[in-house]
Amino acid sequence: MKFSHLGYIVKNSDATIAAMAHFFPQILVYRKKIAAQQIFVSFMNTAHGDMQIELVEPLPENRLLNGMLEKAHKECLPYHICFEVNDFAEKYQQLIHGGWLALTRPFHAYPDGPLASHLYKPEAGIMEIMSGSTTLLAQGETA
């Protein structure tokens, strides 16, 4: 298992990118629409590429994520921690049997992309596991 990124729900990607540019000056993906999840995603890296954040900007029809921002009266909220795993099916089952609640069934965020799932445990918050890297997201079409 390897750390991938920290995810944030944001109201306005441009405003958050501007605010975080000092810490994360490299923009790898900018507001890529992922229709299946009703979001835009942006990925930013530190100058040395040793840490990555994902900005998740919900589309207007994504009531769940918009509701989280509204309820907290915030424009940016920590959302999840993501890990790349070697054996996705095994790790997914291990977490489910360990008491983690699957918030999203395993899905492909974009064609031929890695499998991903968001899981929740009250004591830890939301974690995401992925079967590979987010780097392909910059190249292809999204689902």
# chains A, B, ... in the order shown; residues from 1 in each chain; ligands from 1

$ select_by_dssp --residues "stretch 37-121 of chain A" --states "helix (DSSP H, G or I)" --output "list in words"
Gln37, Arg63, Leu64, Leu65, Asn66, Gly67, Met68, Leu69, Glu70, Lys71, Ala72, Phe88, Ala89, Glu90, Lys91, Tyr92, Gln93, Gln94, Leu95, Ile96 and His97 of chain A

$ residues_around --residues "stretch 94-99 of chain A" --least-positions-apart "6" --cutoff "9 Å" --atoms "only C-alpha atoms" --output "list of chain:residue names"
A:Leu119, A:Tyr120, A:Lys121

$ select_by_dssp --residues "stretch 48-77 of chain A" --states "strand (DSSP E or B)" --output "PyMOL selection string"
chain A and resi 52-58+76-77

$ closest_residue --among "A:Leu6, A:Leu28, A:Ala36, A:Ala89" --to "A:Glu54" --atoms "only C-alpha atoms"
A:Leu6

$ atom_distance --atom1 "atom CA of A:Glu123" --atom2 "atom CA of A:Leu77"
17.7 Å

$ residues_around --residues "stretch 62-71 of chain A" --least-positions-apart "3" --cutoff "9 Å" --atoms "only C-alpha atoms" --output "ChimeraX atom specification"
/A:9-11,37-39,56-59,74-77

$ atom_distance --atom1 "atom CA of A:Phe23" --atom2 "atom CA of A:Leu115"
28.7 Å

$ residues_around --residues "A:Phe107" --least-positions-apart "6" --cutoff "9 Å" --atoms "only C-alpha atoms" --output "mmCIF file with N, CA and C atoms, in the first residue's frame"
data_model
loop_
_atom_site.group_PDB
_atom_site.id
_atom_site.type_symbol
_atom_site.label_atom_id
_atom_site.label_comp_id
_atom_site.auth_asym_id
_atom_site.auth_seq_id
_atom_site.Cartn_x
_atom_site.Cartn_y
_atom_site.Cartn_z
ATOM 1 N N PRO A 114 -7.762 3.027 -13.088
ATOM 2 C CA PRO A 114 -7.733 2.132 -11.930
ATOM 3 C C PRO A 114 -9.100 2.033 -11.266
ATOM 4 N N LEU A 115 -9.316 0.928 -10.579
ATOM 5 C CA LEU A 115 -10.510 0.789 -9.750
ATOM 6 C C LEU A 115 -10.325 1.667 -8.518
ATOM 7 N N ALA A 116 -11.431 2.185 -8.010
ATOM 8 C CA ALA A 116 -11.383 3.005 -6.805
ATOM 9 C C ALA A 116 -12.639 2.746 -5.980
ATOM 10 N N SER A 117 -12.541 3.007 -4.696
ATOM 11 C CA SER A 117 -13.684 2.936 -3.804
ATOM 12 C C SER A 117 -13.415 3.831 -2.601
#

$ closest_residue --among "A:Phe83, A:Tyr92, A:Phe43, A:Trp100" --to "A:Gly132" --atoms "only C-alpha atoms"
A:Phe83

$ atom_distance --atom1 "atom CA of A:Phe40" --atom2 "atom CA of A:Ala102"
21.9 Å

$ closest_residue --among "A:Ala109, A:Ala21, A:Cys82, A:Val29" --to "A:Gly125" --atoms "only C-alpha atoms"
A:Cys82

$ closest_residue --among "A:Ile34, A:Val41, A:Thr46, A:Leu55" --to "A:Tyr79" --atoms "only C-alpha atoms"
A:Leu55

$ closest_residue --among "A:Lys32, A:Arg105, A:His5, A:His118" --to "A:Met51" --atoms "only C-alpha atoms"
A:His5
